[in-house]
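Colleague: Below is the file entry38.pdb, which contains PDB, C-alpha atoms.
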```pdb
ATOM      1  CA  MET A   1      75.048 107.500  83.111
ATOM      2  CA  VAL A   2      76.514 104.009  82.698
ATOM      3  CA  GLU A   3      80.004 105.540  82.756
ATOM      4  CA  PHE A   4      79.162 107.499  85.922
ATOM      5  CA  ILE A   5      77.852 104.348  87.635
ATOM      6  CA  TYR A   6      81.038 102.562  86.573
ATOM      7  CA  GLN A   7      83.177 105.366  88.007
ATOM      8  CA  PHE A   8      81.404 105.185  91.377
ATOM      9  CA  SER A   9      81.139 101.388  91.534
ATOM     10  CA  LYS A  10      84.854 100.756  91.953
ATOM     11  CA  PRO A  11      85.749  98.762  95.113
ATOM     12  CA  LEU A  12      87.448 101.603  96.989
ATOM     13  CA  LYS A  13      84.545 103.984  96.377
ATOM     14  CA  ILE A  14      82.112 101.359  97.672
ATOM     15  CA  LEU A  15      84.346 100.844 100.727
ATOM     16  CA  VAL A  16      84.255 104.602 101.419
ATOM     17  CA  LEU A  17      80.463 104.665 101.161
ATOM     18  CA  LEU A  18      79.956 101.603 103.385
ATOM     19  CA  THR A  19      82.327 102.985 106.027
ATOM     20  CA  LEU A  20      80.488 106.312 106.032
ATOM     21  CA  LEU A  21      77.094 104.599 106.410
ATOM     22  CA  PHE A  22      78.435 102.431 109.241
ATOM     23  CA  ALA A  23      79.822 105.519 110.972
ATOM     24  CA  LEU A  24      76.593 107.511 110.571
ATOM     25  CA  SER A  25      74.578 104.666 112.096
ATOM     26  CA  SER A  26      76.987 103.989 114.978
ATOM     27  CA  LEU A  27      78.715 107.180 116.124
ATOM     28  CA  LYS A  28      77.408 110.133 118.108
ATOM     29  CA  TRP A  29      77.563 113.684 116.796
ATOM     30  CA  LYS A  30      77.757 114.953 120.394
ATOM     31  CA  ASN A  31      81.106 113.206 120.855
ATOM     32  CA  ILE A  32      83.762 115.551 119.423
ATOM     33  CA  THR A  33      86.067 112.723 118.249
ATOM     34  CA  HIS A  34      83.146 110.978 116.567
ATOM     35  CA  ARG A  35      82.118 114.270 114.976
ATOM     36  CA  PHE A  36      85.547 114.880 113.463
ATOM     37  CA  LEU A  37      85.786 111.308 112.190
ATOM     38  CA  LEU A  38      82.365 111.688 110.577
ATOM     39  CA  VAL A  39      83.492 114.922 108.913
ATOM     40  CA  ILE A  40      86.648 113.172 107.656
ATOM     41  CA  LEU A  41      84.553 110.374 106.166
ATOM     42  CA  LEU A  42      82.155 112.893 104.625
ATOM     43  CA  VAL A  43      85.127 114.676 103.041
ATOM     44  CA  CYS A  44      86.393 111.345 101.663
ATOM     45  CA  PHE A  45      82.952 110.458 100.318
ATOM     46  CA  PHE A  46      82.340 113.808  98.638
ATOM     47  CA  MET A  47      85.834 113.718  97.141
ATOM     48  CA  GLU A  48      85.050 110.348  95.585
ATOM     49  CA  LEU A  49      81.618 111.542  94.418
ATOM     50  CA  THR A  50      82.996 114.780  92.976
ATOM     51  CA  ASN A  51      85.828 112.912  91.251
ATOM     52  CA  SER A  52      83.308 110.582  89.609
ATOM     53  CA  ILE A  53      81.169 113.499  88.421
ATOM     54  CA  LEU A  54      84.159 115.457  87.080
ATOM     55  CA  LEU A  55      85.600 112.399  85.312
ATOM     56  CA  PHE A  56      82.163 111.663  83.839
ATOM     57  CA  TYR A  57      82.187 115.132  82.254
ATOM     58  CA  SER A  58      85.911 114.861  81.353
ATOM     59  CA  LYS A  59      86.849 117.696  83.721
ATOM     60  CA  SER A  60      90.019 118.101  85.762
ATOM     61  CA  ILE A  61      89.978 116.798  89.345
ATOM     62  CA  VAL A  62      93.184 118.616  90.312
ATOM     63  CA  LEU A  63      91.797 121.523  92.361
ATOM     64  CA  GLU A  64      89.139 119.387  94.064
ATOM     65  CA  SER A  65      91.761 116.777  94.997
ATOM     66  CA  THR A  66      94.117 119.402  96.436
ATOM     67  CA  ILE A  67      91.404 121.030  98.552
ATOM     68  CA  GLY A  68      90.229 117.591  99.688
ATOM     69  CA  ALA A  69      93.768 116.646 100.728
ATOM     70  CA  ILE A  70      94.140 119.868 102.749
ATOM     71  CA  LEU A  71      90.853 119.231 104.568
ATOM     72  CA  HIS A  72      91.608 115.527 105.090
ATOM     73  CA  HIS A  73      95.122 116.104 106.447
ATOM     74  CA  GLY A  74      94.065 119.073 108.553
ATOM     75  CA  LEU A  75      91.251 117.149 110.236
ATOM     76  CA  TRP A  76      93.504 114.175 111.036
ATOM     77  CA  LEU A  77      96.191 116.479 112.409
ATOM     78  CA  TRP A  78      93.552 118.148 114.577
ATOM     79  CA  LEU A  79      92.399 114.783 115.966
ATOM     80  CA  LEU A  80      95.996 113.780 116.679
ATOM     81  CA  ALA A  81      96.816 117.133 118.300
ATOM     82  CA  ARG A  82      93.731 116.948 120.509
ATOM     83  CA  ASN A  83      94.852 113.563 121.861
ATOM     84  CA  ALA A  84      98.570 114.404 122.104
ATOM     85  CA  VAL A  85     100.426 114.983 125.353
ATOM     86  CA  PHE A  86     102.117 118.050 123.854
ATOM     87  CA  GLN A  87      98.965 119.645 122.477
ATOM     88  CA  LYS A  88     100.329 123.167 121.995
ATOM     89  CA  THR A  89     103.237 121.980 119.846
ATOM     90  CA  ALA A  90     100.980 119.663 117.833
ATOM     91  CA  PHE A  91      98.453 122.435 117.186
ATOM     92  CA  LEU A  92     101.258 124.822 116.151
ATOM     93  CA  LEU A  93     102.397 122.231 113.595
ATOM     94  CA  LEU A  94      98.789 121.927 112.376
ATOM     95  CA  TYR A  95      98.588 125.704 111.866
ATOM     96  CA  ALA A  96     101.974 125.669 110.109
ATOM     97  CA  PHE A  97     100.687 122.986 107.734
ATOM     98  CA  LEU A  98      97.555 124.992 106.927
ATOM     99  CA  LEU A  99      99.615 128.112 106.206
ATOM    100  CA  PHE A 100     101.966 126.104 103.972
ATOM    101  CA  ALA A 101      99.026 124.476 102.174
ATOM    102  CA  ILE A 102      97.361 127.831 101.458
ATOM    103  CA  ALA A 103     100.666 129.383 100.323
ATOM    104  CA  SER A 104     101.337 126.408  98.048
ATOM    105  CA  LEU A 105      97.854 126.573  96.528
ATOM    106  CA  LEU A 106      98.005 130.327  95.911
ATOM    107  CA  PHE A 107     101.672 130.982  95.109
ATOM    108  CA  ILE A 108     103.757 127.806  94.635
ATOM    109  CA  ASP A 109     102.039 124.832  92.944
ATOM    110  CA  GLY A 110      98.891 126.765  92.087
ATOM    111  CA  THR A 111      95.489 125.415  91.113
ATOM    112  CA  GLN A 112      96.416 123.800  87.806
ATOM    113  CA  LYS A 113      98.211 120.785  89.234
ATOM    114  CA  PHE A 114      97.818 118.588  92.297
ATOM    115  CA  ASN A 115      99.778 120.005  95.234
ATOM    116  CA  TYR A 116     101.959 116.962  95.875
ATOM    117  CA  TYR A 117     104.160 118.668  98.440
ATOM    118  CA  THR A 118     101.153 119.777 100.472
ATOM    119  CA  PHE A 119     100.084 116.123 100.657
ATOM    120  CA  VAL A 120     103.579 114.962 101.601
ATOM    121  CA  VAL A 121     104.216 117.701 104.201
ATOM    122  CA  GLY A 122     100.869 117.099 105.927
ATOM    123  CA  ALA A 123     101.365 113.336 105.871
ATOM    124  CA  PHE A 124     104.851 113.415 107.330
ATOM    125  CA  LEU A 125     103.871 115.928 109.997
ATOM    126  CA  TYR A 126     101.209 113.455 111.094
ATOM    127  CA  ILE A 127     103.648 110.535 111.062
ATOM    128  CA  ILE A 128     106.321 112.476 112.990
ATOM    129  CA  ILE A 129     103.863 113.610 115.682
ATOM    130  CA  PHE A 130     102.384 110.106 115.901
ATOM    131  CA  ILE A 131     105.802 108.441 116.294
ATOM    132  CA  TYR A 132     106.955 110.991 118.865
ATOM    133  CA  GLU A 133     103.706 110.656 120.817
ATOM    134  CA  SER A 134     103.906 106.848 120.750
ATOM    135  CA  SER A 135     107.555 106.879 121.827
ATOM    136  CA  TYR A 136     106.838 109.264 124.677
ATOM    137  CA  ARG A 137     103.915 107.173 125.943
ATOM    138  CA  LEU A 138     106.025 104.035 125.654
ATOM    139  CA  ARG A 139     108.803 105.606 127.735
ATOM    140  CA  LYS A 140     106.204 106.584 130.331
ATOM    141  CA  GLU A 141     104.829 103.021 130.201
ATOM    142  CA  SER A 142     101.338 104.279 129.337
ATOM    143  CA  PHE A 143     100.334 100.871 128.027
ATOM    144  CA  ASP A 144      96.618 101.590 128.427
ATOM    145  CA  PHE A 145      96.916 104.156 125.646
ATOM    146  CA  PHE A 146      98.211 101.554 123.178
ATOM    147  CA  LEU A 147      95.291  99.266 124.020
ATOM    148  CA  SER A 148      92.704 102.032 123.706
ATOM    149  CA  ASN A 149      90.257 102.527 120.887
ATOM    150  CA  THR A 150      91.634 106.038 120.401
ATOM    151  CA  TYR A 151      95.031 104.593 119.500
ATOM    152  CA  ILE A 152      93.413 102.387 116.845
ATOM    153  CA  LEU A 153      91.786 105.463 115.349
ATOM    154  CA  LEU A 154      94.995 107.512 115.367
ATOM    155  CA  THR A 155      96.894 104.594 113.790
ATOM    156  CA  ALA A 156      94.409 104.330 110.910
ATOM    157  CA  PRO A 157      95.922 106.940 108.541
ATOM    158  CA  VAL A 158      99.615 106.216 109.250
ATOM    159  CA  LEU A 159     100.164 103.616 106.513
ATOM    160  CA  PHE A 160      97.877 105.576 104.173
ATOM    161  CA  PHE A 161      99.999 108.702 104.628
ATOM    162  CA  PHE A 162     103.291 106.837 104.363
ATOM    163  CA  GLY A 163     102.372 104.782 101.298
ATOM    164  CA  LEU A 164     100.901 107.598  99.223
ATOM    165  CA  SER A 165     103.606 110.063 100.284
ATOM    166  CA  PHE A 166     106.154 107.545  99.037
ATOM    167  CA  MET A 167     104.440 107.669  95.639
ATOM    168  CA  PHE A 168     103.784 111.410  95.518
ATOM    169  CA  GLY A 169     107.209 112.308  96.883
ATOM    170  CA  PHE A 170     108.841 111.245  93.620
ATOM    171  CA  ASN A 171     106.362 113.361  91.615
ATOM    172  CA  SER A 172     107.155 111.126  88.655
ATOM    173  CA  LYS A 173     104.828 109.323  86.249
ATOM    174  CA  ASN A 174     107.547 106.721  85.690
ATOM    175  CA  VAL A 175     107.197 105.621  89.308
ATOM    176  CA  THR A 176     103.390 105.723  89.514
ATOM    177  CA  SER A 177     102.973 103.911  86.181
ATOM    178  CA  PHE A 178     105.588 101.224  86.937
ATOM    179  CA  LEU A 179     104.089  97.766  86.293
ATOM    180  CA  LEU A 180     104.463  95.335  89.195
ATOM    181  CA  PHE A 181     102.963  92.312  87.525
ATOM    182  CA  GLY A 182     100.579  91.910  84.605
ATOM    183  CA  HIS A 183      98.679  95.149  84.096
ATOM    184  CA  ILE A 184      98.755  96.162  87.782
ATOM    185  CA  LYS A 185     100.617  99.426  88.326
ATOM    186  CA  LEU A 186     102.636 100.167  91.456
ATOM    187  CA  TYR A 187     100.388 103.158  92.204
ATOM    188  CA  THR A 188      97.234 101.026  91.947
ATOM    189  CA  PHE A 189      98.651  98.314  94.199
ATOM    190  CA  ILE A 190      99.802 100.742  96.901
ATOM    191  CA  THR A 191      96.567 102.751  96.702
ATOM    192  CA  TYR A 192      94.391  99.689  97.232
ATOM    193  CA  PHE A 193      96.594  98.251  99.970
ATOM    194  CA  VAL A 194      96.860 101.405 102.094
ATOM    195  CA  ASN A 195      93.177 102.275 101.669
ATOM    196  CA  ILE A 196      92.051  98.804 102.730
ATOM    197  CA  VAL A 197      94.179  99.084 105.890
ATOM    198  CA  TYR A 198      92.981 102.666 106.451
ATOM    199  CA  TYR A 199      89.274 101.900 106.271
ATOM    200  CA  SER A 200      89.613  98.555 108.047
ATOM    201  CA  LEU A 201      91.105 100.247 111.118
ATOM    202  CA  ILE A 202      88.434 102.952 111.018
ATOM    203  CA  ASN A 203      85.739 100.269 110.872
ATOM    204  CA  ILE A 204      87.321  98.437 113.819
ATOM    205  CA  TYR A 205      87.252 101.704 115.773
ATOM    206  CA  ILE A 206      83.590 102.286 114.865
ATOM    207  CA  TYR A 207      82.654  98.710 115.798
ATOM    208  CA  ARG A 208      84.355  98.999 119.186
ATOM    209  CA  GLU A 209      82.716 102.372 119.833
ATOM    210  CA  LYS A 210      79.357 100.867 118.919
ATOM    211  CA  LYS A 211      79.919  98.011 121.395
ATOM    212  CA  LEU A 212      80.819 100.538 124.091
ATOM    213  CA  LYS A 213      77.662 102.505 123.358
ATOM    214  CA  TYR A 214      75.399  99.484 123.695
ATOM    215  CA  GLY A 215      77.373  98.300 126.707
ATOM    216  CA  GLU A 216      76.569 101.502 128.614
TER     217      GLU A 216
END
```
I'd like the structure from this file rewritten - as structure tokens, please.
Modeller:
Amino acid sequence: MVEFIYQFSKPLKILVLLTLLFALSSLKWKNITHRFLLVILLVCFFMELTNSILLFYSKSIVLESTIGAILHHGLWLWLLARNAVFQKTAFLLLYAFLLFAIASLLFIDGTQKFNYYTFVVGAFLYIIIFIYESSYRLRKESFDFFLSNTYILLTAPVLFFFGLSFMFGFNSKNVTSFLLFGHIKLYTFITYFVNIVYYSLINIYIYREKKLKYGE
């Protein structure tokens, strides 16, 4: 039990839990964007919880991590597509990602190793759509969009996707285990950095939504 508590008491896991609790107390289930963000945070929380349980019993977290990544990426792509100018194209790319992810899980990478390419493909689809959408709005001088709370939310996973895709794209233990300084690995540094930015932006979005709610 001590080992399990240790596994779930790491800073990033606590950050996930606190963000989820803040979201549950501040957002509205009736609001579809809020609902999808809450589901994303629930997925993140249960991934962390399941990882801790599996590691406690010395079990593999590969399949759970792959399924979690598919759900996580798919939900973010759905949120982005729903708020995109070119919704049909964005949703088609979402469906293409889901088909690729299922094919990879069943026929390519399988269930015995983490599906790195599924993570990378989903991440870069999000980044490409996000950049194109931002560029288009900038050309149209839609400056209100860049100042909106929605834009903060959609920006939240960009660095997370880019940073971890950079690591996973090499699919090499030599890269992930590279020591930056002392005993801190490159993978650990990037993971902490991108997650702190990720959850910080989500918390800013939640805080601003909460202010709007009480300002009504």
Colleague: If you apply the PyMOL selection byres ((chain A and resi 126) around 8) to this file, what residues do you get, as a VMD selection string?
Modeller: chain A and resid 76 to 77 80 122 to 125 127 to 130 158
Colleague: So that each row is one residue of range 64-169 of chain A with an atom at most 12 Å from range 189-199 of chain A, can you give its shortest atom pair and the distance in Å to one decimal, using all atoms listed in the file, rows by chain and rising number, as a Markdown table?
Modeller:
```
| residue | atom | partner | partner_atom | distance |
| --- | --- | --- | --- | --- |
| A:Ile152 | CA | A:Tyr198 | CA | 10.4 |
| A:Leu153 | CA | A:Tyr198 | CA | 9.4 |
| A:Leu154 | CA | A:Tyr198 | CA | 10.3 |
| A:Thr155 | CA | A:Tyr198 | CA | 8.5 |
| A:Ala156 | CA | A:Tyr198 | CA | 5.0 |
| A:Pro157 | CA | A:Tyr198 | CA | 5.6 |
| A:Val158 | CA | A:Tyr198 | CA | 8.0 |
| A:Leu159 | CA | A:Val194 | CA | 5.9 |
| A:Phe160 | CA | A:Val194 | CA | 4.8 |
| A:Phe161 | CA | A:Val194 | CA | 8.3 |
| A:Phe162 | CA | A:Val194 | CA | 8.7 |
| A:Gly163 | CA | A:Ile190 | CA | 6.5 |
| A:Leu164 | CA | A:Thr191 | CA | 7.0 |
| A:Ser165 | CA | A:Ile190 | CA | 10.6 |
| A:Phe166 | CA | A:Ile190 | CA | 9.5 |
| A:Met167 | CA | A:Ile190 | CA | 8.4 |
| A:Phe168 | CA | A:Thr191 | CA | 11.3 |
```
Colleague: Report, in Å to a single decimal, how far apart CA of Val39 in chain A and CA of Leu75 in chain A are.
Modeller: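 Computing it gives 8.2 Å between the two atoms.
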Colleague: Which residues come within 8 Å of range 59-69 of chain A, counting only C-alpha atoms, excluding same-chain residues fewer than 3 positions away, as a PyMOL selection string?
Modeller: chain A and resi 43-44+47+50-51+54-56+72-73+111-115+119
Colleague: List every protein, DNA or RNA residue with an atom no more than 8 Å from (97.4, 122.5, 108.0) in the file's coordinates, counting only C-alpha atoms, and format the result as a list in words.
Modeller: Ile70, His73, Gly74, Leu77, Leu93, Leu94, Tyr95, Ala96, Phe97, Leu98, Leu99, Phe100, Ala101 and Gly122 of chain A
Colleague: Enter the distance from CA of Phe91 in chain A to CA of Phe36 in chain A, in Å, rounded to one decimal.
Modeller: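 CA of Phe36 in chain A lies 15.4 Å from CA of Phe91 in chain A.
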Colleague: How about completing range 125-136 of chain A with all heavy atoms and giving it to me as a compact mmCIF listing (two decimals), in the coordinates of the input?
Modeller:
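Dumped everything to out_35.txt:
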```txt
# COMPACT_ATOMS: atom_id res chain seq x y z
N LEU A 125 104.11 115.28 108.71
CA LEU A 125 103.87 115.93 110.00
C LEU A 125 103.07 115.01 110.90
O LEU A 125 103.36 114.85 112.08
CB LEU A 125 103.13 117.26 109.80
CG LEU A 125 103.98 118.48 109.49
CD1 LEU A 125 103.08 119.70 109.26
CD2 LEU A 125 104.98 118.77 110.61
N TYR A 126 102.03 114.39 110.31
CA TYR A 126 101.21 113.46 111.09
C TYR A 126 102.05 112.29 111.59
O TYR A 126 102.00 111.92 112.77
CB TYR A 126 100.03 112.94 110.25
CG TYR A 126 99.04 112.13 111.06
CD1 TYR A 126 97.89 112.72 111.58
CD2 TYR A 126 99.26 110.78 111.33
CE1 TYR A 126 97.00 111.99 112.33
CE2 TYR A 126 98.37 110.04 112.09
CZ TYR A 126 97.24 110.65 112.59
OH TYR A 126 96.34 109.91 113.36
N ILE A 127 102.84 111.70 110.70
CA ILE A 127 103.65 110.54 111.06
C ILE A 127 104.67 110.89 112.14
O ILE A 127 104.87 110.14 113.11
CB ILE A 127 104.35 109.96 109.81
CG1 ILE A 127 103.31 109.37 108.86
CG2 ILE A 127 105.38 108.90 110.20
CD1 ILE A 127 103.88 108.99 107.49
N ILE A 128 105.32 112.05 112.00
CA ILE A 128 106.32 112.48 112.99
C ILE A 128 105.69 112.68 114.36
O ILE A 128 106.21 112.21 115.38
CB ILE A 128 107.02 113.76 112.51
CG1 ILE A 128 107.93 113.46 111.32
CG2 ILE A 128 107.84 114.38 113.65
CD1 ILE A 128 108.42 114.69 110.59
N ILE A 129 104.55 113.38 114.40
CA ILE A 129 103.86 113.61 115.68
C ILE A 129 103.41 112.29 116.28
O ILE A 129 103.56 112.05 117.48
CB ILE A 129 102.66 114.56 115.50
CG1 ILE A 129 103.11 115.93 115.02
CG2 ILE A 129 101.88 114.71 116.82
CD1 ILE A 129 101.97 116.84 114.58
N PHE A 130 102.88 111.41 115.44
CA PHE A 130 102.38 110.11 115.90
C PHE A 130 103.52 109.27 116.49
O PHE A 130 103.37 108.68 117.57
CB PHE A 130 101.73 109.36 114.74
CG PHE A 130 101.24 107.98 115.10
CD1 PHE A 130 99.99 107.81 115.68
CD2 PHE A 130 102.02 106.86 114.86
CE1 PHE A 130 99.53 106.55 116.02
CE2 PHE A 130 101.57 105.59 115.19
CZ PHE A 130 100.32 105.44 115.78
N ILE A 131 104.66 109.22 115.80
CA ILE A 131 105.80 108.44 116.29
C ILE A 131 106.33 109.03 117.60
O ILE A 131 106.63 108.30 118.56
CB ILE A 131 106.91 108.38 115.23
CG1 ILE A 131 106.45 107.54 114.04
CG2 ILE A 131 108.20 107.81 115.82
CD1 ILE A 131 107.42 107.55 112.87
N TYR A 132 106.46 110.35 117.65
CA TYR A 132 106.96 110.99 118.86
C TYR A 132 106.01 110.74 120.03
O TYR A 132 106.44 110.41 121.15
CB TYR A 132 107.12 112.49 118.65
CG TYR A 132 107.74 113.20 119.83
CD1 TYR A 132 109.12 113.21 120.01
CD2 TYR A 132 106.94 113.82 120.79
CE1 TYR A 132 109.69 113.84 121.11
CE2 TYR A 132 107.50 114.44 121.89
CZ TYR A 132 108.87 114.45 122.05
OH TYR A 132 109.43 115.06 123.14
N GLU A 133 104.71 110.88 119.78
CA GLU A 133 103.71 110.66 120.82
C GLU A 133 103.75 109.21 121.31
O GLU A 133 103.72 108.95 122.52
CB GLU A 133 102.31 110.97 120.26
CG GLU A 133 101.18 110.83 121.25
CD GLU A 133 101.15 111.91 122.30
OE1 GLU A 133 101.81 112.95 122.09
OE2 GLU A 133 100.48 111.72 123.33
N SER A 134 103.85 108.27 120.38
CA SER A 134 103.91 106.85 120.75
C SER A 134 105.16 106.54 121.55
O SER A 134 105.11 105.80 122.55
CB SER A 134 103.86 105.97 119.49
OG SER A 134 102.64 106.17 118.79
N SER A 135 106.29 107.11 121.12
CA SER A 135 107.56 106.88 121.83
C SER A 135 107.50 107.44 123.25
O SER A 135 107.97 106.81 124.20
CB SER A 135 108.72 107.52 121.06
OG SER A 135 108.82 106.97 119.77
N TYR A 136 106.94 108.63 123.37
CA TYR A 136 106.84 109.26 124.68
C TYR A 136 105.96 108.43 125.61
O TYR A 136 106.32 108.18 126.77
CB TYR A 136 106.25 110.67 124.55
CG TYR A 136 106.09 111.38 125.87
CD1 TYR A 136 107.17 112.04 126.47
CD2 TYR A 136 104.85 111.39 126.52
CE1 TYR A 136 107.02 112.68 127.70
CE2 TYR A 136 104.69 112.03 127.75
CZ TYR A 136 105.78 112.67 128.33
OH TYR A 136 105.62 113.30 129.54
```
